[in-house]
$ cat data-v2.pdb   # PDB, C-alpha atoms
ATOM      1  CA  MET A  17     -10.787 -21.602 -32.218
ATOM      2  CA  GLY A  18      -9.333 -21.374 -35.672
ATOM      3  CA  VAL A  19      -6.493 -23.478 -37.015
ATOM      4  CA  ALA A  20      -3.166 -21.653 -37.155
ATOM      5  CA  SER A  21      -1.225 -24.382 -38.960
ATOM      6  CA  GLU A  22      -1.526 -28.087 -39.481
ATOM      7  CA  GLY A  23      -1.846 -29.850 -36.119
ATOM      8  CA  HIS A  24      -1.930 -26.629 -34.082
ATOM      9  CA  THR A  25      -4.980 -24.894 -32.671
ATOM     10  CA  ARG A  26      -4.913 -21.140 -32.362
ATOM     11  CA  ALA A  27      -5.269 -19.849 -28.787
ATOM     12  CA  GLY A  28      -8.169 -17.499 -28.291
ATOM     13  CA  PRO A  29      -8.012 -14.330 -26.189
ATOM     14  CA  ARG A  30      -9.489 -16.211 -23.236
ATOM     15  CA  PHE A  31      -6.159 -17.954 -22.613
ATOM     16  CA  HIS A  32      -4.331 -16.168 -19.811
ATOM     17  CA  GLY A  33      -0.847 -15.008 -20.763
ATOM     18  CA  ARG A  34      -1.363 -15.178 -24.512
ATOM     19  CA  ILE A  35       0.477 -12.460 -26.429
ATOM     20  CA  GLU A  36      -0.096 -12.051 -30.162
ATOM     21  CA  ALA A  37       2.780 -13.711 -32.018
ATOM     22  CA  ASP A  38       3.029 -11.298 -34.981
ATOM     23  CA  GLY A  39       5.025 -13.867 -36.953
ATOM     24  CA  ARG A  40       6.988 -15.267 -33.999
ATOM     25  CA  LEU A  41       7.170 -19.067 -34.144
ATOM     26  CA  CYS A  42       7.159 -21.621 -31.350
ATOM     27  CA  ALA A  43      10.668 -22.262 -29.965
ATOM     28  CA  GLU A  44      10.125 -26.039 -29.859
ATOM     29  CA  PRO A  45      12.328 -27.609 -32.583
ATOM     30  CA  GLY A  46      10.313 -28.558 -35.657
ATOM     31  CA  CYS A  47       7.165 -26.674 -34.581
ATOM     32  CA  ASP A  48       5.735 -24.029 -36.908
ATOM     33  CA  GLY A  49       2.923 -22.899 -34.577
ATOM     34  CA  PRO A  50       2.739 -19.310 -33.316
ATOM     35  CA  GLY A  51       4.878 -18.562 -30.253
ATOM     36  CA  GLU A  52       2.298 -16.824 -28.083
ATOM     37  CA  PHE A  53       3.109 -18.042 -24.546
ATOM     38  CA  ARG A  54       6.239 -17.366 -22.505
ATOM     39  CA  ALA A  55       7.937 -20.218 -20.678
ATOM     40  CA  PRO A  56      11.292 -20.322 -18.874
ATOM     41  CA  TYR A  57      14.156 -22.458 -20.052
ATOM     42  CA  VAL A  58      14.278 -25.495 -17.809
ATOM     43  CA  ASP A  59      18.008 -25.422 -17.000
ATOM     44  CA  ALA A  60      18.853 -21.821 -17.843
ATOM     45  CA  VAL A  61      22.118 -20.658 -16.291
ATOM     46  CA  GLN A  62      22.473 -16.954 -15.664
ATOM     47  CA  VAL A  63      26.057 -15.784 -15.716
ATOM     48  CA  GLY A  64      26.611 -12.150 -14.776
ATOM     49  CA  ARG A  65      22.931 -11.363 -15.334
ATOM     50  CA  ASP A  66      20.707  -9.720 -12.763
ATOM     51  CA  GLY A  67      16.969 -10.181 -13.203
ATOM     52  CA  PRO A  68      14.483 -12.872 -14.068
ATOM     53  CA  PRO A  69      15.716 -15.861 -16.051
ATOM     54  CA  PRO A  70      15.434 -15.781 -19.849
ATOM     55  CA  PHE A  71      12.299 -17.242 -21.418
ATOM     56  CA  ARG A  72      11.194 -18.682 -24.736
ATOM     57  CA  TRP A  73       7.974 -18.449 -26.733
ATOM     58  CA  LEU A  74       5.853 -21.565 -27.174
ATOM     59  CA  CYS A  75       2.608 -22.406 -28.962
ATOM     60  CA  LEU A  76      -0.475 -23.434 -26.966
ATOM     61  CA  ASP A  77       0.169 -27.187 -27.349
ATOM     62  CA  HIS A  78       3.802 -26.965 -26.280
ATOM     63  CA  VAL A  79       3.182 -24.586 -23.375
ATOM     64  CA  ARG A  80       0.529 -27.010 -22.128
ATOM     65  CA  ALA A  81       3.053 -29.865 -22.364
ATOM     66  CA  PHE A  82       5.648 -27.722 -20.577
ATOM     67  CA  ASN A  83       3.217 -26.823 -17.777
ATOM     68  CA  ALA A  84       2.165 -30.460 -17.354
ATOM     69  CA  GLY A  85       5.771 -31.542 -16.916
ATOM     70  CA  TYR A  86       6.988 -28.588 -14.845
ATOM     71  CA  ASN A  87       7.940 -29.364 -11.248
ATOM     72  CA  PHE A  88       8.914 -26.417  -9.066
ATOM     73  CA  PHE A  89      10.433 -28.761  -6.474
ATOM     74  CA  SER A  90      12.583 -30.698  -8.951
ATOM     75  CA  GLY A  91      16.121 -31.130  -7.624
ATOM     76  CA  MET A  92      15.260 -29.990  -4.082
ATOM     77  CA  SER A  93      15.948 -31.987  -0.964
ATOM     78  CA  ALA A  94      13.107 -32.873   1.427
ATOM     79  CA  GLU A  95      14.265 -30.094   3.778
ATOM     80  CA  GLU A  96      14.296 -27.522   0.957
ATOM     81  CA  ILE A  97      10.809 -28.575  -0.158
ATOM     82  CA  HIS A  98       9.529 -28.278   3.400
ATOM     83  CA  ALA A  99      11.096 -24.809   3.766
ATOM     84  CA  ALA A 100       9.547 -23.653   0.462
ATOM     85  CA  GLN A 101       6.095 -24.809   1.574
ATOM     86  CA  ARG A 102       6.040 -22.785   4.807
ATOM     87  CA  PRO A 103       3.223 -20.226   4.835
ATOM     88  CA  TYR A 104       5.708 -17.377   5.251
ATOM     89  CA  ALA A 105       8.321 -18.665   2.771
ATOM     90  CA  GLY A 106       9.700 -15.821   0.697
ATOM     91  CA  TRP A 107       9.049 -13.147   3.335
ATOM     92  CA  ALA A 108      12.400 -13.446   5.094
ATOM     93  CA  GLU A 109      13.923 -10.593   3.091
ATOM     94  CA  THR A 110      11.050  -8.159   3.569
ATOM     95  CA  ARG A 111      12.370  -4.926   5.048
ATOM     96  CA  THR A 112      11.155  -3.959   8.478
ATOM     97  CA  TYR A 113      11.740  -0.573  10.043
ATOM     98  CA  ALA A 114      13.927  -0.895  13.104
ATOM     99  CA  GLN A 115      13.449   0.998  16.341
ATOM    100  CA  GLY A 116      14.813   4.487  15.851
ATOM    101  CA  ASP A 117      14.512   4.314  12.055
ATOM    102  CA  PRO A 118      13.210   7.725  10.931
ATOM    103  CA  GLY A 119      10.854   6.055   8.442
ATOM    104  CA  PRO A 120       9.502   7.692   5.312
ATOM    105  CA  ARG A 121       8.654  11.392   4.973
ATOM    106  CA  TRP A 122       4.984  11.798   5.779
ATOM    107  CA  ALA A 123       4.724  15.538   5.181
ATOM    108  CA  ASP A 124       3.165  15.018   1.759
ATOM    109  CA  PHE A 125       0.550  12.494   2.937
ATOM    110  CA  ALA A 126      -2.750  12.878   4.781
ATOM    111  CA  ASP A 127      -2.876  10.641   7.852
ATOM    112  CA  PRO A 128      -6.083  11.694   9.629
ATOM    113  CA  LEU A 129      -6.192   8.630  11.887
ATOM    114  CA  ASP A 130      -2.500   8.897  12.706
ATOM    115  CA  ALA A 131      -2.166   5.251  11.680
ATOM    116  CA  ILE A 132       1.200   5.657   9.972
ATOM    117  CA  ALA A 133       2.960   8.526  11.697
ATOM    118  CA  ALA A 134       2.388   7.160  15.211
ATOM    119  CA  ARG A 135       4.592   4.180  14.343
ATOM    120  CA  PHE A 136       7.592   6.456  13.885
ATOM    121  CA  ARG A 137       6.982   8.965  16.666
ATOM    122  CA  ARG A 138       9.965   9.115  18.998
ATOM    123  CA  THR A 139       7.861   9.442  22.134
ATOM    124  CA  ALA A 140       4.570   7.743  22.789
ATOM    125  CA  ALA A 141       1.496   9.790  21.977
ATOM    126  CA  PRO A 142      -0.063  11.246  25.123
ATOM    127  CA  GLU A 143      -2.998   9.204  26.284
ATOM    128  CA  ARG A 144      -6.278  10.488  27.626
ATOM    129  CA  PRO A 145      -7.411   9.373  31.084
ATOM    130  CA  ASP A 146     -10.615   7.993  29.539
ATOM    131  CA  GLY A 147      -8.594   5.811  27.146
ATOM    132  CA  LYS A 148     -10.227   7.303  24.025
ATOM    133  CA  PRO A 149      -7.821   7.569  21.089
ATOM    134  CA  LEU A 150      -6.849  10.829  19.428
ATOM    135  CA  SER A 151      -6.285  11.022  15.688
ATOM    136  CA  GLY A 152      -3.688  13.264  14.092
ATOM    137  CA  GLN A 153      -6.477  15.672  13.130
ATOM    138  CA  ASP A 154      -7.714  15.681  16.752
ATOM    139  CA  ARG A 155      -4.243  16.656  17.961
ATOM    140  CA  GLU A 156      -3.984  19.435  15.383
ATOM    141  CA  SER A 157      -7.388  20.825  16.374
ATOM    142  CA  LEU A 158      -6.426  20.725  20.058
ATOM    143  CA  ARG A 159      -3.255  22.633  19.181
ATOM    144  CA  VAL A 160      -5.295  25.306  17.353
ATOM    145  CA  LEU A 161      -7.499  25.713  20.421
ATOM    146  CA  GLY A 162      -4.564  25.613  22.832
ATOM    147  CA  LEU A 163      -5.946  22.604  24.727
ATOM    148  CA  GLU A 164      -4.170  19.642  26.275
ATOM    149  CA  PRO A 165      -4.855  16.099  24.946
ATOM    150  CA  ASP A 166      -6.767  15.199  28.119
ATOM    151  CA  ALA A 167      -9.330  18.017  27.712
ATOM    152  CA  ASP A 168     -12.990  17.013  28.096
ATOM    153  CA  ARG A 169     -16.154  18.314  26.385
ATOM    154  CA  ARG A 170     -16.670  20.972  29.030
ATOM    155  CA  ALA A 171     -13.137  22.355  28.599
ATOM    156  CA  LEU A 172     -13.625  22.245  24.843
ATOM    157  CA  ARG A 173     -16.820  24.352  25.008
ATOM    158  CA  GLN A 174     -15.290  26.838  27.449
ATOM    159  CA  ARG A 175     -12.182  27.341  25.354
ATOM    160  CA  TYR A 176     -14.233  27.719  22.164
ATOM    161  CA  SER A 177     -16.455  30.390  23.754
ATOM    162  CA  GLU A 178     -13.412  32.237  25.069
ATOM    163  CA  LEU A 179     -11.660  32.280  21.666
ATOM    164  CA  VAL A 180     -14.782  33.285  19.735
ATOM    165  CA  ARG A 181     -15.224  36.259  22.081
ATOM    166  CA  ARG A 182     -11.553  37.160  21.632
ATOM    167  CA  TYR A 183     -11.474  37.022  17.809
ATOM    168  CA  HIS A 184     -15.016  37.898  16.668
ATOM    169  CA  PRO A 185     -15.211  41.308  14.912
ATOM    170  CA  ASP A 186     -18.336  42.248  16.894
ATOM    171  CA  ARG A 187     -16.315  41.995  20.116
ATOM    172  CA  ASN A 188     -13.400  43.978  18.615
ATOM    173  CA  GLY A 189     -15.129  47.124  17.387
ATOM    174  CA  GLY A 190     -15.561  45.698  13.875
ATOM    175  CA  ASP A 191     -11.849  44.840  13.516
ATOM    176  CA  ARG A 192     -11.699  41.987  10.974
ATOM    177  CA  SER A 193      -7.956  41.348  11.211
ATOM    178  CA  HIS A 194      -8.531  38.177  13.273
ATOM    179  CA  GLU A 195     -11.064  36.594  10.884
ATOM    180  CA  GLU A 196      -8.705  33.879   9.640
ATOM    181  CA  ARG A 197      -7.829  32.886  13.201
ATOM    182  CA  LEU A 198     -11.550  32.801  14.060
ATOM    183  CA  ARG A 199     -12.195  30.493  11.069
ATOM    184  CA  GLN A 200      -9.472  28.121  12.313
ATOM    185  CA  VAL A 201     -10.971  28.094  15.814
ATOM    186  CA  ILE A 202     -14.477  27.328  14.502
ATOM    187  CA  ALA A 203     -13.198  24.550  12.207
ATOM    188  CA  ALA A 204     -11.172  22.989  15.030
ATOM    189  CA  TYR A 205     -14.139  23.081  17.401
ATOM    190  CA  GLN A 206     -16.512  21.568  14.827
ATOM    191  CA  GLN A 207     -14.033  18.768  14.115
ATOM    192  CA  LEU A 208     -13.413  17.971  17.778
ATOM    193  CA  ARG A 209     -17.021  17.991  18.942
ATOM    194  CA  GLN A 210     -17.713  15.194  16.436
ATOM    195  CA  ALA A 211     -14.528  13.249  17.230
ATOM    196  CA  PRO A 212     -14.860   9.915  19.101
ATOM    197  CA  ALA A 213     -12.628  11.257  21.889
ATOM    198  CA  PHE A 214     -15.237  13.907  22.726
ATOM    199  CA  ALA A 215     -18.390  11.876  22.100
TER
END

$ encode --input "data-v2.pdb" --output "structure tokens"
Amino acid sequence: MGVASEGHTRAGPRFHGRIEADGRLCAEPGCDGPGEFRAPYVDAVQVGRDGPPPFRWLCLDHVRAFNAGYNFFSGMSAEEIHAAQRPYAGWAETRTYAQGDPGPRWADFADPLDAIAARFRRTAAPERPDGKPLSGQDRESLRVLGLEPDADRRALRQRYSELVRRYHPDRNGGDRSHEERLRQVIAAYQQLRQAPAFA
């Protein structure tokens, strides 16, 4: 470390929170070291101000002295200290979504495991008799194939064969107008036959 001024050592880049002073001096009276570290005023009173409390710039020596003498619990009663030390202190104001809350708009997000959207669904997702879960993608593929959520592998194969025969151009005199629908059916079948619910 180089010497910034008499009696002050210059903080190297390895010091967390150091911001180049660019001529800014330490706020400690009588100190001519560079003010490179932010520290709050000890008894700052905020009147009509919303936001974090104001801060001052200190040199490395003075910010070290400030940190050594800083006591977060100063002025608190034993009960207040105990409350501040609880593992969940500070979480009381976290917003939770109440029952019936519509929640955020999920239309712009992919939720293939249905981990988010299921929380806000008005009615419970239909369950399969075998207890295997269905993802959002599974439900969409079942919809494309026109199958119920409790369909098994056999029903899946039968429905796939039926729809391929219905939409394939070879079975429709070369008519290719149903090609897009056929692609959707094939994609849905391929997705479902690899899904855990149909394993």

$ atom_distance --input "data-v2.pdb" --atom1 "CA of Leu161 (chain A)" --atom2 "CA of Gly189 (chain A)"
22.9 Å

$ resolve_selection --input "data-v2.pdb" --expression "the PyMOL selection byres ((chain A and resi 173) around 12)" --output "VMD selection string"
chain A and resid 161 163 167 to 172 174 to 180 201 to 202 204 to 206 208 to 209 214

$ atom_distance --input "data-v2.pdb" --atom1 "CA of Glu36 (chain A)" --atom2 "CA of Ala81 (chain A)"
19.7 Å

$ atom_distance --input "data-v2.pdb" --atom1 "CA of Gln101 (chain A)" --atom2 "CA of Phe88 (chain A)"
11.1 Å

$ resolve_selection --input "data-v2.pdb" --expression "the PyMOL selection byres ((chain A and resi 74) around 12)" --output "mmCIF file with C-alpha atoms, keeping the file's coordinate frame"
data_model
loop_
_atom_site.group_PDB
_atom_site.id
_atom_site.type_symbol
_atom_site.label_atom_id
_atom_site.label_comp_id
_atom_site.auth_asym_id
_atom_site.auth_seq_id
_atom_site.Cartn_x
_atom_site.Cartn_y
_atom_site.Cartn_z
ATOM 1 C CA HIS A 24 -1.930 -26.629 -34.082
ATOM 2 C CA ARG A 26 -4.913 -21.140 -32.362
ATOM 3 C CA ALA A 27 -5.269 -19.849 -28.787
ATOM 4 C CA GLY A 33 -0.847 -15.008 -20.763
ATOM 5 C CA ARG A 34 -1.363 -15.178 -24.512
ATOM 6 C CA ILE A 35 0.477 -12.460 -26.429
ATOM 7 C CA GLU A 36 -0.096 -12.051 -30.162
ATOM 8 C CA ALA A 37 2.780 -13.711 -32.018
ATOM 9 C CA ARG A 40 6.988 -15.267 -33.999
ATOM 10 C CA LEU A 41 7.170 -19.067 -34.144
ATOM 11 C CA CYS A 42 7.159 -21.621 -31.350
ATOM 12 C CA ALA A 43 10.668 -22.262 -29.965
ATOM 13 C CA GLU A 44 10.125 -26.039 -29.859
ATOM 14 C CA PRO A 45 12.328 -27.609 -32.583
ATOM 15 C CA GLY A 46 10.313 -28.558 -35.657
ATOM 16 C CA CYS A 47 7.165 -26.674 -34.581
ATOM 17 C CA ASP A 48 5.735 -24.029 -36.908
ATOM 18 C CA GLY A 49 2.923 -22.899 -34.577
ATOM 19 C CA PRO A 50 2.739 -19.310 -33.316
ATOM 20 C CA GLY A 51 4.878 -18.562 -30.253
ATOM 21 C CA GLU A 52 2.298 -16.824 -28.083
ATOM 22 C CA PHE A 53 3.109 -18.042 -24.546
ATOM 23 C CA ARG A 54 6.239 -17.366 -22.505
ATOM 24 C CA ALA A 55 7.937 -20.218 -20.678
ATOM 25 C CA PRO A 56 11.292 -20.322 -18.874
ATOM 26 C CA TYR A 57 14.156 -22.458 -20.052
ATOM 27 C CA PHE A 71 12.299 -17.242 -21.418
ATOM 28 C CA ARG A 72 11.194 -18.682 -24.736
ATOM 29 C CA TRP A 73 7.974 -18.449 -26.733
ATOM 30 C CA CYS A 75 2.608 -22.406 -28.962
ATOM 31 C CA LEU A 76 -0.475 -23.434 -26.966
ATOM 32 C CA ASP A 77 0.169 -27.187 -27.349
ATOM 33 C CA HIS A 78 3.802 -26.965 -26.280
ATOM 34 C CA VAL A 79 3.182 -24.586 -23.375
ATOM 35 C CA ARG A 80 0.529 -27.010 -22.128
ATOM 36 C CA ALA A 81 3.053 -29.865 -22.364
ATOM 37 C CA PHE A 82 5.648 -27.722 -20.577
ATOM 38 C CA ASN A 83 3.217 -26.823 -17.777
#

$ resolve_selection --input "data-v2.pdb" --expression "the PyMOL selection byres ((chain A and resi 165) around 10)" --output "list in words"
Ala141, Pro142, Glu143, Arg144, Pro145, Pro149, Leu150, Asp154, Arg155, Leu158, Arg159, Gly162, Leu163, Glu164, Asp166, Ala167, Asp168 and Ala213 of chain A

$ closest_residue --input "data-v2.pdb" --among "A:Glu156, A:His184, A:Ala94, A:Gln210" --to "Glu196 (chain A)" --atoms "only C-alpha atoms"
A:His184
